[in-house]
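Have a look at work03.txt; it's compact mmCIF, C-alpha atoms:
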```
# COMPACT_ATOMS: atom_id res chain seq x y z
CA ASN F 514 84.30 106.69 -207.19
CA ALA F 515 85.92 108.60 -204.30
CA GLY F 516 89.37 109.24 -205.84
CA VAL F 517 91.66 110.73 -203.16
CA THR F 518 90.22 111.13 -199.68
CA GLN F 519 91.86 113.19 -196.95
CA THR F 520 90.98 113.38 -193.27
CA PRO F 521 90.42 115.58 -191.39
CA LYS F 522 89.21 118.56 -193.43
CA PHE F 523 89.98 121.09 -190.68
CA GLN F 524 92.22 120.97 -187.63
CA VAL F 525 93.43 123.41 -185.01
CA LEU F 526 96.53 122.45 -183.00
CA LYS F 527 98.44 124.08 -180.23
CA THR F 528 102.16 124.60 -180.68
CA GLY F 529 104.00 121.42 -179.77
CA GLN F 530 101.07 119.06 -180.33
CA SER F 531 101.35 116.20 -182.80
CA MET F 532 98.91 114.89 -185.35
CA THR F 533 98.65 112.67 -188.40
CA LEU F 534 96.93 113.59 -191.65
CA GLN F 535 95.45 110.63 -193.43
CA CYS F 536 95.19 110.07 -197.18
CA ALA F 537 93.74 107.19 -199.15
CA GLN F 538 93.23 106.64 -202.88
CA ASP F 539 91.08 104.04 -204.60
CA MET F 540 92.51 104.31 -208.13
CA ASN F 541 95.25 101.70 -207.69
CA HIS F 542 97.87 104.41 -208.22
CA ASN F 543 101.51 103.66 -207.57
CA SER F 544 102.70 107.12 -206.48
CA MET F 545 101.44 109.43 -203.75
CA TYR F 546 102.40 112.92 -202.62
CA TRP F 547 101.94 115.47 -199.86
CA TYR F 548 101.94 119.18 -200.70
CA ARG F 549 101.39 122.31 -198.68
CA GLN F 550 99.74 125.40 -200.13
CA ASP F 551 100.49 128.84 -198.78
CA PRO F 552 99.27 132.18 -200.18
CA GLY F 553 101.38 133.36 -203.10
CA MET F 554 103.62 130.28 -203.02
CA GLY F 555 101.75 127.70 -205.01
CA LEU F 556 102.02 124.05 -204.05
CA ARG F 557 105.24 122.88 -202.48
CA LEU F 558 106.13 119.20 -202.24
CA ILE F 559 106.74 117.93 -198.70
CA TYR F 560 107.29 114.20 -199.25
CA TYR F 561 106.40 111.67 -201.87
CA SER F 562 106.22 107.93 -202.34
CA ALA F 563 107.06 106.82 -205.89
CA SER F 564 105.87 103.29 -205.12
CA GLU F 565 104.72 101.19 -202.20
CA GLY F 566 107.58 100.74 -199.75
CA THR F 567 109.51 103.89 -200.73
CA THR F 568 109.39 107.48 -199.51
CA ASP F 569 111.53 110.51 -200.39
CA LYS F 570 111.88 114.10 -199.31
CA GLY F 571 110.50 116.88 -201.40
CA GLU F 572 111.21 120.60 -201.31
CA VAL F 573 110.06 121.33 -197.72
CA PRO F 574 110.35 118.16 -195.56
CA ASN F 575 111.57 119.65 -192.28
CA GLY F 576 109.16 119.06 -189.39
CA TYR F 577 107.27 116.28 -191.14
CA ASN F 578 107.38 112.51 -191.45
CA VAL F 579 105.44 110.17 -193.71
CA SER F 580 104.38 106.56 -193.87
CA ARG F 581 103.27 104.66 -196.95
CA LEU F 582 101.11 102.19 -195.06
CA ASN F 583 100.13 100.20 -198.16
CA LYS F 584 99.42 100.96 -201.81
CA ARG F 585 96.24 102.88 -200.93
CA GLU F 586 97.32 104.93 -197.91
CA PHE F 587 99.95 107.62 -197.32
CA SER F 588 99.98 109.52 -194.03
CA LEU F 589 101.73 112.75 -193.01
CA ARG F 590 102.77 113.29 -189.41
CA LEU F 591 103.64 116.48 -187.59
CA GLU F 592 105.57 115.48 -184.49
CA SER F 593 105.69 118.89 -182.81
CA ALA F 594 103.52 121.43 -184.60
CA ALA F 595 104.76 124.98 -185.10
CA PRO F 596 102.86 128.11 -186.24
CA SER F 597 104.92 128.02 -189.47
CA GLN F 598 103.12 124.79 -190.34
CA THR F 599 99.79 126.58 -190.56
CA SER F 600 98.77 125.82 -194.14
CA VAL F 601 96.45 123.88 -196.39
CA TYR F 602 97.73 120.38 -197.02
CA PHE F 603 96.94 118.39 -200.13
CA CYS F 604 97.48 114.74 -200.83
CA ALA F 605 97.75 113.62 -204.45
CA SER F 606 98.31 110.42 -206.39
CA THR F 607 99.49 109.47 -209.86
CA ALA F 608 99.36 106.19 -211.74
CA LEU F 609 103.08 106.41 -212.43
CA ALA F 610 105.90 108.42 -210.86
CA GLU F 611 106.55 110.52 -213.95
CA ASN F 612 104.60 112.76 -216.25
CA THR F 613 101.06 111.62 -215.57
CA GLU F 614 97.98 113.37 -214.25
CA ALA F 615 97.94 114.04 -210.52
CA PHE F 616 94.64 113.61 -208.70
CA PHE F 617 94.26 115.74 -205.58
CA GLY F 618 92.24 115.37 -202.43
CA GLN F 619 90.04 118.16 -201.05
CA GLY F 620 92.70 119.39 -198.66
CA THR F 621 93.17 119.75 -194.90
CA ARG F 622 93.21 123.25 -193.46
CA LEU F 623 95.56 123.20 -190.48
CA THR F 624 95.98 126.05 -188.04
CA VAL F 625 98.69 125.96 -185.38
CA VAL F 626 98.21 128.47 -182.56
CA GLY J 690 116.24 122.08 -208.98
CA GLU J 691 113.44 123.31 -211.18
CA ASN J 692 112.06 126.83 -210.71
CA VAL J 693 108.73 127.88 -212.21
CA GLU J 694 107.59 131.49 -212.37
CA GLN J 695 103.99 132.38 -213.19
CA HIS J 696 102.44 135.69 -214.25
CA PRO J 697 100.21 137.50 -213.61
CA SER J 698 99.21 136.72 -210.03
CA THR J 699 95.74 138.17 -210.61
CA LEU J 700 93.81 138.65 -213.85
CA SER J 701 90.37 140.12 -214.44
CA VAL J 702 88.63 139.87 -217.80
CA GLN J 703 85.19 140.59 -219.14
CA GLU J 704 83.01 137.62 -219.97
CA GLY J 705 83.65 136.59 -223.55
CA ASP J 706 87.19 137.99 -223.66
CA SER J 707 90.35 135.88 -223.74
CA ALA J 708 92.71 135.24 -220.85
CA VAL J 709 96.41 134.40 -221.08
CA ILE J 710 98.61 133.14 -218.26
CA LYS J 711 102.35 132.73 -218.73
CA CYS J 712 104.97 130.56 -217.06
CA THR J 713 108.71 130.21 -217.39
CA TYR J 714 110.83 127.31 -216.18
CA SER J 715 114.53 126.88 -215.53
CA ASP J 716 115.38 123.19 -216.10
CA SER J 717 115.90 122.47 -219.80
CA ALA J 718 115.41 118.75 -219.07
CA SER J 719 111.77 119.24 -218.02
CA ASN J 720 109.46 117.52 -220.47
CA TYR J 721 105.95 117.64 -219.02
CA PHE J 722 103.91 120.79 -218.42
CA PRO J 723 100.43 120.46 -216.90
CA TRP J 724 97.94 123.17 -215.97
CA TYR J 725 95.63 122.82 -212.98
CA LYS J 726 92.47 124.69 -212.04
CA GLN J 727 91.56 125.12 -208.38
CA GLU J 728 88.08 126.21 -207.38
CA LEU J 729 87.43 127.64 -203.94
CA GLY J 730 87.64 125.02 -201.21
CA LYS J 731 88.68 122.24 -203.57
CA GLY J 732 91.85 120.49 -204.65
CA PRO J 733 93.52 121.35 -207.99
CA GLN J 734 92.23 119.54 -211.07
CA LEU J 735 94.10 118.98 -214.33
CA ILE J 736 92.64 120.91 -217.26
CA ILE J 737 95.27 120.40 -219.95
CA ASP J 738 98.87 119.24 -220.28
CA ILE J 739 101.56 119.30 -222.92
CA ARG J 740 104.70 117.29 -223.46
CA SER J 741 107.98 118.59 -224.81
CA ASN J 742 107.62 117.00 -228.23
CA VAL J 743 104.55 119.17 -229.00
CA GLY J 744 104.40 122.94 -229.48
CA GLU J 745 100.68 123.48 -229.00
CA LYS J 746 97.66 121.61 -227.74
CA LYS J 747 94.01 122.64 -227.78
CA ASP J 748 90.91 121.37 -226.01
CA GLN J 749 87.77 123.33 -226.86
CA ARG J 750 88.24 126.83 -225.34
CA ILE J 751 91.55 126.01 -223.71
CA ALA J 752 94.95 125.89 -225.40
CA VAL J 753 98.52 125.61 -224.21
CA THR J 754 101.64 126.63 -226.12
CA LEU J 755 105.21 125.61 -225.36
CA ASN J 756 108.44 127.26 -226.45
CA LYS J 757 111.28 124.98 -225.34
CA THR J 758 113.98 127.27 -226.66
CA ALA J 759 112.78 130.16 -224.54
CA LYS J 760 111.66 127.85 -221.73
CA HIS J 761 108.19 129.26 -221.42
CA PHE J 762 104.65 127.99 -221.82
CA SER J 763 101.28 129.68 -221.74
CA LEU J 764 97.62 128.92 -221.08
CA HIS J 765 95.03 130.54 -223.33
CA ILE J 766 91.34 130.57 -222.47
CA THR J 767 89.01 131.95 -225.12
CA GLU J 768 85.39 133.09 -224.77
CA THR J 769 85.72 133.20 -221.00
CA GLN J 770 82.70 132.41 -218.83
CA PRO J 771 82.01 133.14 -215.13
CA GLU J 772 82.64 129.48 -214.29
CA ASP J 773 86.22 129.93 -215.51
CA SER J 774 86.85 132.06 -212.41
CA ALA J 775 89.36 130.11 -210.26
CA VAL J 776 93.04 129.87 -209.40
CA TYR J 777 95.19 128.39 -212.17
CA PHE J 778 98.57 126.75 -211.60
CA CYS J 779 101.20 125.81 -214.11
CA ALA J 780 103.76 123.12 -213.34
CA ALA J 781 106.87 121.57 -214.86
CA SER J 782 108.50 118.20 -214.34
CA GLY J 783 112.00 118.29 -212.93
CA SER J 784 115.04 116.32 -213.96
CA GLY J 785 115.44 114.46 -210.68
CA SER J 786 115.15 110.70 -210.46
CA ALA J 787 111.37 110.85 -210.11
CA ARG J 788 110.74 114.00 -212.17
CA GLN J 789 108.56 115.59 -209.49
CA LEU J 790 106.34 118.48 -210.47
CA THR J 791 107.28 122.02 -209.47
CA PHE J 792 104.30 124.41 -209.40
CA GLY J 793 104.05 128.08 -210.20
CA SER J 794 102.64 130.46 -207.61
CA GLY J 795 99.16 130.59 -209.17
CA THR J 796 96.94 133.09 -211.01
CA GLN J 797 93.58 134.19 -209.62
CA LEU J 798 91.37 134.60 -212.70
CA THR J 799 88.14 136.55 -212.31
CA VAL J 800 85.66 136.67 -215.17
CA LEU J 801 83.36 139.65 -214.81
CA PRO J 802 79.80 139.24 -216.10
```
As structure tokens, please, write out the structure in this file.
Amino acid sequence: NAGVTQTPKFQVLKTGQSMTLQCAQDMNHNSMYWYRQDPGMGLRLIYYSASEGTTDKGEVPNGYNVSRLNKREFSLRLESAAPSQTSVYFCASTALAENTEAFFGQGTRLTVV
Amino acid sequence: GENVEQHPSTLSVQEGDSAVIKCTYSDSASNYFPWYKQELGKGPQLIIDIRSNVGEKKDQRIAVTLNKTAKHFSLHITETQPEDSAVYFCAASGSGSARQLTFGSGTQLTVLP
């Protein structure tokens, strides 16, 4: 039972490069999320998808785009990476959009130089 | 939007002692308050949650209390053990259309043997 799987686990980018973080869940959850975690700032929501076919901005969406490819997969794209996007990124999923347990992936540590 | 403040940022206790972490929230419409534990190199994992129609909830050595009037909630860990050492996050649901979770900034708990 894999739960939420993120790839890659580590990545180093040069400023201006692009990349896509992949996330897949096998729990048949409806809602998926992307967070970033920075020291002393907790987890901040970048984008979320309440259900297949919908996506919405979270607290810190600038510089990112997302795609809900199907019910299982939710990807996060950095079109032109900046040093300020150096962070640990977590994908999560919930069975419903509201007030239910969130299951997190293991995270992707991204460094932009 | 919702704002969640968490204190303290670091907490050291002797094994066997109790630990208390406190959070305040700003949106009186929030109705779901989960607590997550994050071990080094892993994603956060739910340890306990409480809904606004309940004042207290307990699960073995862990308890959470909620004061809706004062808009604060707390995590209590009794008889602490070294394996309790981790980062703990509180969160509160917002009042937006999808009631997304807003996280506190985290508490690094260290249990000293």
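The list of residues within 12 Å of (117.0, 131.9, -225.5), counted using only C-alpha atoms, is Thr713, Ser715, Ser717, Asn756, Lys757, Thr758, Ala759, Lys760 and His761 of chain J.
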Q. Between J:Ala781, J:Ile710, J:Pro733, J:Asp773, which has the minimum distance to Tyr602 (chain F) (counting all atoms listed in the file)?
A.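 Going through J:Ala781, J:Ile710, J:Pro733, J:Asp773 one by one, the smallest distance to Tyr602 (chain F) is for J:Pro733.
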Q. CA of Thr754 (chain J) to CA of Ile739 (chain J): how many Å, to one decimal?
A.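 Atom-to-atom, CA of Thr754 (chain J) and CA of Ile739 (chain J) are spaced 8.0 Å apart.
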Considering all atoms listed in the file, tabulate each residue of chain J that lies at most 7 Å from chain F along with its nearest interatomic pair and the corresponding distance in Å to one decimal; arrange the rows by chain and ascending residue number and present them as CSV.
```
residue,atom,partner,partner_atom,distance
J:Tyr721,CA,F:Asn612,CA,5.8
J:Lys731,CA,F:Gln619,CA,5.0
J:Gly732,CA,F:Gln619,CA,4.7
J:Pro733,CA,F:Phe617,CA,6.2
J:Gln734,CA,F:Phe616,CA,6.8
J:Leu735,CA,F:Glu614,CA,6.8
J:Ser782,CA,F:Asn612,CA,7.0
J:Ala787,CA,F:Ala610,CA,6.0
J:Arg788,CA,F:Glu611,CA,5.7
J:Phe792,CA,F:Leu556,CA,5.8
J:Gly793,CA,F:Gly555,CA,5.7
J:Ser794,CA,F:Gly555,CA,3.9
J:Gly795,CA,F:Gly555,CA,5.7
```
Q: Choose the residue, out of J:Gly705, J:Pro723, J:Gly730, J:Gly744, that has the smallest atom-to-atom separation from Pro802 (chain J); count all atoms listed in the file.
A: J:Gly705
Within 10 Å of Glu592 (chain F), counting all atoms listed in the file, which residues qualify if same-chain residues fewer than 2 places away don't, as a CSV table (one decimal) with C-alpha atoms, in the frame of the given file?
```
chain,number,residue,atom,x,y,z
F,529,GLY,CA,104.0,121.4,-179.8
F,530,GLN,CA,101.1,119.1,-180.3
F,531,SER,CA,101.4,116.2,-182.8
F,532,MET,CA,98.9,114.9,-185.4
F,533,THR,CA,98.6,112.7,-188.4
F,576,GLY,CA,109.2,119.1,-189.4
F,577,TYR,CA,107.3,116.3,-191.1
F,578,ASN,CA,107.4,112.5,-191.4
F,589,LEU,CA,101.7,112.8,-193.0
F,590,ARG,CA,102.8,113.3,-189.4
F,594,ALA,CA,103.5,121.4,-184.6
F,595,ALA,CA,104.8,125.0,-185.1
```
(Q) With distances taken over all atoms listed in the file, which residue among F:Lys522, F:Lys527, F:Lys570, F:Lys584 lies nearest Pro596 (chain F)? (A)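 The closest residue to Pro596 (chain F) is F:Lys527.
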Q: Provide the CA of Ser741 (chain J) to CA of Leu764 (chain J) distance in Å, to one decimal place.
A: 15.1 Å
Completion of region 609-620 of chain F up to all heavy atoms, as a PDB file, keeping the file's coordinate frame:
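And here is the file that came out, selection.pdb:
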```
ATOM      1  N   LEU F 609     101.646 106.663-212.325  1.00  0.00           N
ATOM      2  CA  LEU F 609     103.080 106.410-212.430  1.00  0.00           C
ATOM      3  C   LEU F 609     103.834 107.545-211.760  1.00  0.00           C
ATOM      4  O   LEU F 609     103.261 108.587-211.474  1.00  0.00           O
ATOM      5  CB  LEU F 609     103.504 106.307-213.900  1.00  0.00           C
ATOM      6  CG  LEU F 609     102.802 105.228-214.724  1.00  0.00           C
ATOM      7  CD1 LEU F 609     103.162 105.380-216.199  1.00  0.00           C
ATOM      8  CD2 LEU F 609     103.198 103.843-214.215  1.00  0.00           C
ATOM      9  N   ALA F 610     105.131 107.380-211.540  1.00  0.00           N
ATOM     10  CA  ALA F 610     105.900 108.420-210.860  1.00  0.00           C
ATOM     11  C   ALA F 610     106.148 109.626-211.758  1.00  0.00           C
ATOM     12  O   ALA F 610     106.345 110.728-211.292  1.00  0.00           O
ATOM     13  CB  ALA F 610     107.236 107.862-210.372  1.00  0.00           C
ATOM     14  N   GLU F 611     106.156 109.442-213.066  1.00  0.00           N
ATOM     15  CA  GLU F 611     106.550 110.520-213.950  1.00  0.00           C
ATOM     16  C   GLU F 611     105.467 110.892-214.957  1.00  0.00           C
ATOM     17  O   GLU F 611     104.836 110.043-215.564  1.00  0.00           O
ATOM     18  CB  GLU F 611     107.789 110.104-214.761  1.00  0.00           C
ATOM     19  CG  GLU F 611     108.985 109.772-213.924  1.00  0.00           C
ATOM     20  CD  GLU F 611     110.171 109.439-214.802  1.00  0.00           C
ATOM     21  OE1 GLU F 611     110.157 109.760-216.006  1.00  0.00           O
ATOM     22  OE2 GLU F 611     111.128 108.863-214.278  1.00  0.00           O
ATOM     23  N   ASN F 612     105.299 112.206-215.100  1.00  0.00           N
ATOM     24  CA  ASN F 612     104.600 112.760-216.250  1.00  0.00           C
ATOM     25  C   ASN F 612     103.198 112.203-216.497  1.00  0.00           C
ATOM     26  O   ASN F 612     102.816 111.938-217.636  1.00  0.00           O
ATOM     27  CB  ASN F 612     105.437 112.543-217.520  1.00  0.00           C
ATOM     28  CG  ASN F 612     106.795 113.206-217.414  1.00  0.00           C
ATOM     29  OD1 ASN F 612     107.042 113.981-216.488  1.00  0.00           O
ATOM     30  ND2 ASN F 612     107.671 112.903-218.338  1.00  0.00           N
ATOM     31  N   THR F 613     102.455 112.026-215.432  1.00  0.00           N
ATOM     32  CA  THR F 613     101.060 111.620-215.570  1.00  0.00           C
ATOM     33  C   THR F 613     100.191 112.493-214.677  1.00  0.00           C
ATOM     34  O   THR F 613     100.694 113.140-213.754  1.00  0.00           O
ATOM     35  CB  THR F 613     100.856 110.145-215.195  1.00  0.00           C
ATOM     36  OG1 THR F 613     101.345 109.933-213.859  1.00  0.00           O
ATOM     37  CG2 THR F 613     101.588 109.225-216.142  1.00  0.00           C
ATOM     38  N   GLU F 614      98.905 112.500-214.958  1.00  0.00           N
ATOM     39  CA  GLU F 614      97.980 113.370-214.250  1.00  0.00           C
ATOM     40  C   GLU F 614      97.976 113.085-212.766  1.00  0.00           C
ATOM     41  O   GLU F 614      97.898 111.936-212.335  1.00  0.00           O
ATOM     42  CB  GLU F 614      96.564 113.186-214.792  1.00  0.00           C
ATOM     43  CG  GLU F 614      95.520 114.041-214.085  1.00  0.00           C
ATOM     44  CD  GLU F 614      94.136 113.862-214.657  1.00  0.00           C
ATOM     45  OE1 GLU F 614      93.970 113.077-215.616  1.00  0.00           O
ATOM     46  OE2 GLU F 614      93.206 114.501-214.141  1.00  0.00           O
ATOM     47  N   ALA F 615      98.053 114.151-211.971  1.00  0.00           N
ATOM     48  CA  ALA F 615      97.940 114.040-210.520  1.00  0.00           C
ATOM     49  C   ALA F 615      96.504 114.309-210.106  1.00  0.00           C
ATOM     50  O   ALA F 615      95.880 115.267-210.573  1.00  0.00           O
ATOM     51  CB  ALA F 615      98.875 115.047-209.845  1.00  0.00           C
ATOM     52  N   PHE F 616      95.984 113.455-209.240  1.00  0.00           N
ATOM     53  CA  PHE F 616      94.640 113.610-208.700  1.00  0.00           C
ATOM     54  C   PHE F 616      94.794 114.050-207.243  1.00  0.00           C
ATOM     55  O   PHE F 616      95.500 113.406-206.465  1.00  0.00           O
ATOM     56  CB  PHE F 616      93.875 112.283-208.770  1.00  0.00           C
ATOM     57  CG  PHE F 616      93.531 111.869-210.166  1.00  0.00           C
ATOM     58  CD1 PHE F 616      94.463 111.220-210.965  1.00  0.00           C
ATOM     59  CD2 PHE F 616      92.284 112.137-210.694  1.00  0.00           C
ATOM     60  CE1 PHE F 616      94.155 110.844-212.261  1.00  0.00           C
ATOM     61  CE2 PHE F 616      91.956 111.755-211.992  1.00  0.00           C
ATOM     62  CZ  PHE F 616      92.905 111.114-212.776  1.00  0.00           C
ATOM     63  N   PHE F 617      94.116 115.150-206.900  1.00  0.00           N
ATOM     64  CA  PHE F 617      94.260 115.740-205.580  1.00  0.00           C
ATOM     65  C   PHE F 617      93.048 115.462-204.696  1.00  0.00           C
ATOM     66  O   PHE F 617      91.911 115.363-205.183  1.00  0.00           O
ATOM     67  CB  PHE F 617      94.434 117.253-205.690  1.00  0.00           C
ATOM     68  CG  PHE F 617      95.790 117.675-206.183  1.00  0.00           C
ATOM     69  CD1 PHE F 617      96.085 117.697-207.532  1.00  0.00           C
ATOM     70  CD2 PHE F 617      96.776 118.053-205.280  1.00  0.00           C
ATOM     71  CE1 PHE F 617      97.339 118.094-207.985  1.00  0.00           C
ATOM     72  CE2 PHE F 617      98.030 118.450-205.721  1.00  0.00           C
ATOM     73  CZ  PHE F 617      98.312 118.464-207.073  1.00  0.00           C
ATOM     74  N   GLY F 618      93.307 115.386-203.398  1.00  0.00           N
ATOM     75  CA  GLY F 618      92.240 115.370-202.430  1.00  0.00           C
ATOM     76  C   GLY F 618      91.683 116.768-202.218  1.00  0.00           C
ATOM     77  O   GLY F 618      92.142 117.729-202.838  1.00  0.00           O
ATOM     78  N   GLN F 619      90.710 116.880-201.297  1.00  0.00           N
ATOM     79  CA  GLN F 619      90.040 118.160-201.050  1.00  0.00           C
ATOM     80  C   GLN F 619      90.833 119.070-200.126  1.00  0.00           C
ATOM     81  O   GLN F 619      90.484 120.236-199.978  1.00  0.00           O
ATOM     82  CB  GLN F 619      88.657 117.901-200.438  1.00  0.00           C
ATOM     83  CG  GLN F 619      87.721 117.145-201.339  1.00  0.00           C
ATOM     84  CD  GLN F 619      86.949 118.068-202.260  1.00  0.00           C
ATOM     85  OE1 GLN F 619      87.478 119.057-202.760  1.00  0.00           O
ATOM     86  NE2 GLN F 619      85.687 117.754-202.492  1.00  0.00           N
ATOM     87  N   GLY F 620      91.851 118.562-199.514  1.00  0.00           N
ATOM     88  CA  GLY F 620      92.700 119.390-198.660  1.00  0.00           C
ATOM     89  C   GLY F 620      92.342 119.324-197.192  1.00  0.00           C
ATOM     90  O   GLY F 620      91.195 119.027-196.819  1.00  0.00           O
TER      91      GLY F 620
END
```
